[in-house]
Each structure stands twice: as structure tokens, then as C-alpha cells.
$ cat final-v4.pdb   # PDB, C-alpha atoms and all ligand atoms
ATOM      1  CA  MET A  28      69.406 175.838 111.812  1.00  0.00           C
ATOM      2  CA  ASP A  29      71.750 173.627 113.819  1.00  0.00           C
ATOM      3  CA  ASP A  30      75.125 174.841 112.573  1.00  0.00           C
ATOM      4  CA  CYS A  31      74.306 178.501 111.863  1.00  0.00           C
ATOM      5  CA  ILE A  32      76.414 180.824 113.991  1.00  0.00           C
ATOM      6  CA  PHE A  33      73.763 183.557 114.272  1.00  0.00           C
ATOM      7  CA  CYS A  34      71.067 181.015 115.166  1.00  0.00           C
ATOM      8  CA  LYS A  35      73.385 179.778 117.913  1.00  0.00           C
ATOM      9  CA  ILE A  36      73.899 183.347 119.143  1.00  0.00           C
ATOM     10  CA  ALA A  37      70.114 183.941 119.021  1.00  0.00           C
ATOM     11  CA  ARG A  38      69.569 180.773 121.094  1.00  0.00           C
ATOM     12  CA  GLY A  39      72.200 181.896 123.602  1.00  0.00           C
ATOM     13  CA  GLU A  40      74.502 178.967 122.772  1.00  0.00           C
ATOM     14  CA  ILE A  41      77.375 181.238 121.714  1.00  0.00           C
ATOM     15  CA  PRO A  42      78.177 184.352 123.750  1.00  0.00           C
ATOM     16  CA  CYS A  43      77.904 187.802 122.265  1.00  0.00           C
ATOM     17  CA  LYS A  44      78.066 191.412 123.414  1.00  0.00           C
ATOM     18  CA  LYS A  45      74.321 191.938 123.204  1.00  0.00           C
ATOM     19  CA  VAL A  46      72.868 195.426 122.896  1.00  0.00           C
ATOM     20  CA  TYR A  47      69.229 194.572 122.177  1.00  0.00           C
ATOM     21  CA  GLU A  48      66.848 191.608 122.167  1.00  0.00           C
ATOM     22  CA  ASP A  49      63.128 191.041 121.741  1.00  0.00           C
ATOM     23  CA  ASP A  50      61.016 188.104 120.560  1.00  0.00           C
ATOM     24  CA  ASP A  51      61.996 188.572 116.914  1.00  0.00           C
ATOM     25  CA  LEU A  52      65.325 190.404 116.821  1.00  0.00           C
ATOM     26  CA  ILE A  53      68.724 190.379 118.456  1.00  0.00           C
ATOM     27  CA  ALA A  54      71.558 192.886 118.102  1.00  0.00           C
ATOM     28  CA  PHE A  55      75.159 192.548 119.218  1.00  0.00           C
ATOM     29  CA  HIS A  56      78.634 193.919 118.568  1.00  0.00           C
ATOM     30  CA  ASP A  57      80.454 192.525 115.532  1.00  0.00           C
ATOM     31  CA  ILE A  58      83.400 190.372 116.596  1.00  0.00           C
ATOM     32  CA  HIS A  59      85.656 192.152 114.053  1.00  0.00           C
ATOM     33  CA  PRO A  60      84.453 195.767 114.067  1.00  0.00           C
ATOM     34  CA  ILE A  61      85.337 197.904 111.053  1.00  0.00           C
ATOM     35  CA  SER A  62      84.489 201.140 112.835  1.00  0.00           C
ATOM     36  CA  LYS A  63      84.273 202.519 116.347  1.00  0.00           C
ATOM     37  CA  VAL A  64      80.707 201.210 116.657  1.00  0.00           C
ATOM     38  CA  HIS A  65      79.748 198.133 114.644  1.00  0.00           C
ATOM     39  CA  ILE A  66      76.517 196.350 115.511  1.00  0.00           C
ATOM     40  CA  LEU A  67      74.901 193.368 113.805  1.00  0.00           C
ATOM     41  CA  LEU A  68      71.109 193.432 113.793  1.00  0.00           C
ATOM     42  CA  VAL A  69      69.705 189.967 113.229  1.00  0.00           C
ATOM     43  CA  PRO A  70      66.205 188.448 112.957  1.00  0.00           C
ATOM     44  CA  LYS A  71      65.959 185.350 115.159  1.00  0.00           C
ATOM     45  CA  LEU A  72      64.243 183.490 112.344  1.00  0.00           C
ATOM     46  CA  HIS A  73      66.764 181.775 110.089  1.00  0.00           C
ATOM     47  CA  ILE A  74      66.494 183.475 106.709  1.00  0.00           C
ATOM     48  CA  GLU A  75      69.628 183.041 104.614  1.00  0.00           C
ATOM     49  CA  SER A  76      69.679 186.415 102.896  1.00  0.00           C
ATOM     50  CA  LEU A  77      67.570 189.044 101.139  1.00  0.00           C
ATOM     51  CA  PHE A  78      67.402 186.595  98.212  1.00  0.00           C
ATOM     52  CA  GLU A  79      65.186 184.358 100.365  1.00  0.00           C
ATOM     53  CA  CYS A  80      62.884 187.185 101.482  1.00  0.00           C
ATOM     54  CA  THR A  81      59.328 187.094 100.188  1.00  0.00           C
ATOM     55  CA  SER A  82      56.422 189.373 101.063  1.00  0.00           C
ATOM     56  CA  GLN A  83      55.699 187.211 104.108  1.00  0.00           C
ATOM     57  CA  TYR A  84      58.777 188.841 105.696  1.00  0.00           C
ATOM     58  CA  GLN A  85      57.705 192.395 104.909  1.00  0.00           C
ATOM     59  CA  GLU A  86      56.819 193.248 108.499  1.00  0.00           C
ATOM     60  CA  LEU A  87      59.951 191.635 109.900  1.00  0.00           C
ATOM     61  CA  LEU A  88      62.134 193.545 107.426  1.00  0.00           C
ATOM     62  CA  GLY A  89      60.388 196.756 108.418  1.00  0.00           C
ATOM     63  CA  ARG A  90      61.010 196.090 112.088  1.00  0.00           C
ATOM     64  CA  LEU A  91      64.652 195.335 111.334  1.00  0.00           C
ATOM     65  CA  LEU A  92      65.238 198.628 109.531  1.00  0.00           C
ATOM     66  CA  LEU A  93      63.316 200.673 112.082  1.00  0.00           C
ATOM     67  CA  MET A  94      65.541 199.289 114.818  1.00  0.00           C
ATOM     68  CA  ALA A  95      68.741 200.535 113.122  1.00  0.00           C
ATOM     69  CA  PRO A  96      68.484 204.251 114.000  1.00  0.00           C
ATOM     70  CA  ARG A  97      67.373 203.422 117.528  1.00  0.00           C
ATOM     71  CA  LEU A  98      70.431 201.249 118.137  1.00  0.00           C
ATOM     72  CA  ALA A  99      72.721 203.755 116.409  1.00  0.00           C
ATOM     73  CA  LEU A 100      71.537 206.547 118.700  1.00  0.00           C
ATOM     74  CA  GLU A 101      71.870 204.317 121.760  1.00  0.00           C
ATOM     75  CA  GLN A 102      75.470 203.660 120.718  1.00  0.00           C
ATOM     76  CA  GLY A 103      76.151 207.382 120.488  1.00  0.00           C
ATOM     77  CA  LEU A 104      76.089 207.746 116.707  1.00  0.00           C
ATOM     78  CA  THR A 105      74.154 210.984 116.894  1.00  0.00           C
ATOM     79  CA  LYS A 106      75.724 212.433 113.742  1.00  0.00           C
ATOM     80  CA  GLY A 107      74.738 209.503 111.590  1.00  0.00           C
ATOM     81  CA  PHE A 108      75.529 205.919 110.784  1.00  0.00           C
ATOM     82  CA  ARG A 109      75.887 203.511 107.898  1.00  0.00           C
ATOM     83  CA  THR A 110      73.875 200.369 107.218  1.00  0.00           C
ATOM     84  CA  MET A 111      74.977 197.456 105.059  1.00  0.00           C
ATOM     85  CA  ILE A 112      73.239 194.228 104.070  1.00  0.00           C
ATOM     86  CA  ASN A 113      75.548 191.872 102.178  1.00  0.00           C
ATOM     87  CA  THR A 114      73.612 189.438 100.017  1.00  0.00           C
ATOM     88  CA  GLY A 115      75.132 186.284  98.579  1.00  0.00           C
ATOM     89  CA  LYS A 116      78.781 185.466  97.948  1.00  0.00           C
ATOM     90  CA  GLY A 117      78.864 188.096  95.205  1.00  0.00           C
ATOM     91  CA  GLY A 118      77.711 190.665  97.752  1.00  0.00           C
ATOM     92  CA  GLY A 119      80.398 189.769 100.252  1.00  0.00           C
ATOM     93  CA  GLN A 120      78.110 187.790 102.560  1.00  0.00           C
ATOM     94  CA  GLU A 121      80.042 185.457 104.860  1.00  0.00           C
ATOM     95  CA  VAL A 122      77.385 184.460 107.386  1.00  0.00           C
ATOM     96  CA  PHE A 123      74.315 183.121 105.604  1.00  0.00           C
ATOM     97  CA  HIS A 124      71.748 184.297 108.125  1.00  0.00           C
ATOM     98  CA  LEU A 125      70.222 187.657 107.217  1.00  0.00           C
ATOM     99  CA  HIS A 126      71.716 190.577 109.140  1.00  0.00           C
ATOM    100  CA  VAL A 127      72.069 194.325 108.961  1.00  0.00           C
ATOM    101  CA  HIS A 128      75.406 195.937 109.781  1.00  0.00           C
ATOM    102  CA  VAL A 129      74.906 199.209 111.682  1.00  0.00           C
ATOM    103  CA  PHE A 130      78.160 201.078 112.038  1.00  0.00           C
ATOM    104  CA  GLY A 131      79.780 204.451 112.406  1.00  0.00           C
ATOM    105  CA  GLY A 132      82.164 206.533 114.418  1.00  0.00           C
ATOM    106  CA  ALA A 133      85.583 207.977 113.718  1.00  0.00           C
ATOM    107  CA  ALA A 134      87.239 204.933 112.200  1.00  0.00           C
ATOM    108  CA  ILE A 135      84.652 204.681 109.426  1.00  0.00           C
ATOM    109  CA  LEU A 136      86.388 207.571 107.655  1.00  0.00           C
ATOM    110  CA  GLU A 137      89.649 205.614 107.497  1.00  0.00           C
ATOM    111  CA  LYS A 138      87.931 202.689 105.793  1.00  0.00           C
ATOM    112  CA  THR A 139      86.252 204.491 102.935  1.00  0.00           C
TER     113      THR A 139
HETATM  114  P1  LIG B   1      78.759 189.424 106.330  1.00  0.00           P
HETATM  115  O1  LIG B   1      80.033 189.510 105.536  1.00  0.00           O
HETATM  116  O2  LIG B   1      78.146 188.042 106.275  1.00  0.00           O
HETATM  117  O3  LIG B   1      77.791 190.514 105.969  1.00  0.00           O
HETATM  118  O4  LIG B   1      79.176 189.753 107.808  1.00  0.00           O
HETATM  119  C1  LIG B   1      79.301 188.788 108.806  1.00  0.00           C
HETATM  120  C2  LIG B   1      79.833 189.508 110.023  1.00  0.00           C
HETATM  121  O5  LIG B   1      79.690 188.664 111.140  1.00  0.00           O
HETATM  122  C3  LIG B   1      81.323 189.885 109.932  1.00  0.00           C
HETATM  123  O6  LIG B   1      81.454 191.287 110.064  1.00  0.00           O
HETATM  124  C4  LIG B   1      81.964 189.121 111.090  1.00  0.00           C
HETATM  125  O7  LIG B   1      82.975 189.850 111.737  1.00  0.00           O
HETATM  126  C5  LIG B   1      80.784 188.845 112.001  1.00  0.00           C
HETATM  127  N1  LIG B   1      80.876 187.627 112.780  1.00  0.00           N
HETATM  128  C6  LIG B   1      81.198 186.393 112.317  1.00  0.00           C
HETATM  129  N2  LIG B   1      81.173 185.489 113.318  1.00  0.00           N
HETATM  130  C7  LIG B   1      80.807 186.174 114.435  1.00  0.00           C
HETATM  131  C8  LIG B   1      80.603 185.773 115.796  1.00  0.00           C
HETATM  132  O8  LIG B   1      80.742 184.616 116.186  1.00  0.00           O
HETATM  133  N3  LIG B   1      80.236 186.748 116.672  1.00  0.00           N
HETATM  134  C9  LIG B   1      80.073 188.046 116.284  1.00  0.00           C
HETATM  135  N4  LIG B   1      79.721 188.905 117.214  1.00  0.00           N
HETATM  136  N5  LIG B   1      80.257 188.454 115.015  1.00  0.00           N
HETATM  137  C10 LIG B   1      80.624 187.526 114.096  1.00  0.00           C
HETATM  138 ZN    ZN B   2      70.630 181.056 111.256  1.00  0.00          ZN
END

$ encode --input "final-v4.pdb" --output "C-alpha cells"
Amino acid sequence: MDDCIFCKIARGEIPCKKVYEDDDLIAFHDIHPISKVHILLVPKLHIESLFECTSQYQELLGRLLLMAPRLALEQGLTKGFRTMINTGKGGGQEVFHLHVHVFGGAAILEKT
């Protein structure tokens, strides 16, 4: 998608603090972190949200979730982490390209 911010990040057109990349996924630090560690885990394929996910994306969704604990551990979140997938305006989604928030660390306790 031409004007999608996460597609632009995935294409390398907008800089990000990347922590992981493979053929299908990219992960980078959220620009406005809500905790000490706050990573966005994003499929490179433009899918707007979970609402648009059909069974054809089952494997991709599995890969996405399996990557979360790996990234969390790499970021030092050995005691645990939180995941969040906002779906639709009613779910607080602001960027309409599917992504998983992976976050944790001391500041998370101040936010909840
Ligand atoms: P949502 O509310 O859609 O689940 O979350 C979107 C997230 O993307 C927000 O936490 C916001 O801070 C982050 N974000 C928006 N634009 C950018 C950007 O250009 N770069 C990075 N790294 N994060 C962004
Ligand atoms: Zn996109």
C-alpha cells in the first residue's frame, strides 16, 4: 500500500529502530513507547487488521505470535511481557496495518 506507514517501514522508505527482519516479518521499536521495552511486530504483507484475516493467513499469524517471546527475551524481558493487537477504531487501532505490540519492563506497572 502506497501511503501505509508500516508498509513504508517494511520497504525501508521510513527509518525505524529495527530489532528483527526476515522475508515475512519485521519488528522495530515503537516511536512512542508505553513501557521500557515496546516493540511492534509487523507482517510485511499489508493486512489491515485481524478483521481482514482469513484462514489463508493462519501460518503467518502463527509465525507472528511465535516471534513475540523470542523478541521479548532478546530485549531482556525475561520475567514476562505483554502482547496487544488493537483491531479497528473501536479497538484503539491507529495504524491500519496488522501489528502486534510486544512490551514490558518497569514502566508497564505505572500504566496499568
Ligand atoms: P495501534 O494503536 O494502531 O495499535 O498502534 C500503532 C502504534 O504505532 C502506536 O503505538 C504508535 O506509537 C506507533 N507508530 C506510529 N507511527 C510510527 C512510526 O512511524 N514509527 C514507529 N516506530 N512507530 C510508529
Ligand atoms: Zn501496510

$ residues_around --input "final-v4.pdb" --residues "Gly39 (chain A)" --least-positions-apart "6" --cutoff "12 Å" --atoms "all atoms listed in the file" --output "number ranges by chain"
A: 32-33, 45, 48, 53, 55, 71

$ closest_residue --input "final-v4.pdb" --among "A:Leu104, A:His128, A:Leu91, A:Gly115" --to "Ile61 (chain A)" --atoms "only C-alpha atoms"
A:His128

$ atom_distance --input "final-v4.pdb" --atom1 "CA of Leu68 (chain A)" --atom2 "CA of His126 (chain A)"
5.5 Å

$ closest_residue --input "final-v4.pdb" --among "A:Thr105, A:Ser62, A:Thr81, A:Ser76" --to "ligand ZN 2 (chain B)" --atoms "only C-alpha atoms and all ligand atoms"
A:Ser76

$ resolve_selection --input "final-v4.pdb" --expression "the PyMOL selection byres (((chain A and resi 70) around 9) and not hetatm)" --output "PyMOL selection string"
chain A and resi 37+51-54+68-69+71-74+87-88+91+124-126

$ write_last_selection --input "final-v4.pdb" --atoms "C-alpha atoms" --output "PDB file, keeping the file's coordinate frame"
ATOM      1  CA  ALA A  37      70.114 183.941 119.021  1.00  0.00           C
ATOM      2  CA  ASP A  51      61.996 188.572 116.914  1.00  0.00           C
ATOM      3  CA  LEU A  52      65.325 190.404 116.821  1.00  0.00           C
ATOM      4  CA  ILE A  53      68.724 190.379 118.456  1.00  0.00           C
ATOM      5  CA  ALA A  54      71.558 192.886 118.102  1.00  0.00           C
ATOM      6  CA  LEU A  68      71.109 193.432 113.793  1.00  0.00           C
ATOM      7  CA  VAL A  69      69.705 189.967 113.229  1.00  0.00           C
ATOM      8  CA  LYS A  71      65.959 185.350 115.159  1.00  0.00           C
ATOM      9  CA  LEU A  72      64.243 183.490 112.344  1.00  0.00           C
ATOM     10  CA  HIS A  73      66.764 181.775 110.089  1.00  0.00           C
ATOM     11  CA  ILE A  74      66.494 183.475 106.709  1.00  0.00           C
ATOM     12  CA  LEU A  87      59.951 191.635 109.900  1.00  0.00           C
ATOM     13  CA  LEU A  88      62.134 193.545 107.426  1.00  0.00           C
ATOM     14  CA  LEU A  91      64.652 195.335 111.334  1.00  0.00           C
ATOM     15  CA  HIS A 124      71.748 184.297 108.125  1.00  0.00           C
ATOM     16  CA  LEU A 125      70.222 187.657 107.217  1.00  0.00           C
ATOM     17  CA  HIS A 126      71.716 190.577 109.140  1.00  0.00           C
TER      18      HIS A 126
END

$ closest_residue --input "final-v4.pdb" --among "A:Phe123, A:Phe130, A:Phe108, A:Phe78" --to "ligand LIG 1 (chain B)" --atoms "only C-alpha atoms and all ligand atoms"
A:Phe123

$ residues_near_ligand --input "final-v4.pdb" --ligand "ligand LIG 1 (chain B)" --cutoff "6 Å" --atoms "only C-alpha atoms and all ligand atoms" --output "ChimeraX atom specification"
/A:43,56-59,113,119-122

$ atom_distance --input "final-v4.pdb" --atom1 "CA of Arg109 (chain A)" --atom2 "CA of Gly89 (chain A)"
16.9 Å

$ closest_residue --input "final-v4.pdb" --among "A:Asp49, A:Thr110, A:Glu75, A:Gln83" --to "ligand ZN 2 (chain B)" --atoms "only C-alpha atoms and all ligand atoms"
A:Glu75

$ resolve_selection --input "final-v4.pdb" --expression "the PyMOL selection byres (((chain A and resi 63) around 7) and not hetatm)" --output "list in words"
Ser62, Val64, His65, Gly131, Gly132, Ala133 and Ala134 of chain A

$ atom_distance --input "final-v4.pdb" --atom1 "CA of Leu67 (chain A)" --atom2 "CA of Cys34 (chain A)"
13.0 Å

$ closest_residue --input "final-v4.pdb" --among "A:Gln85, A:Leu77, A:Arg90, A:Ala95" --to "Ile112 (chain A)" --atoms "all atoms listed in the file"
A:Leu77

$ closest_residue --input "final-v4.pdb" --among "A:Ile36, A:Asp50, A:Met94, A:Gly118" --to "ligand ZN 2 (chain B)" --atoms "all atoms listed in the file"
A:Ile36
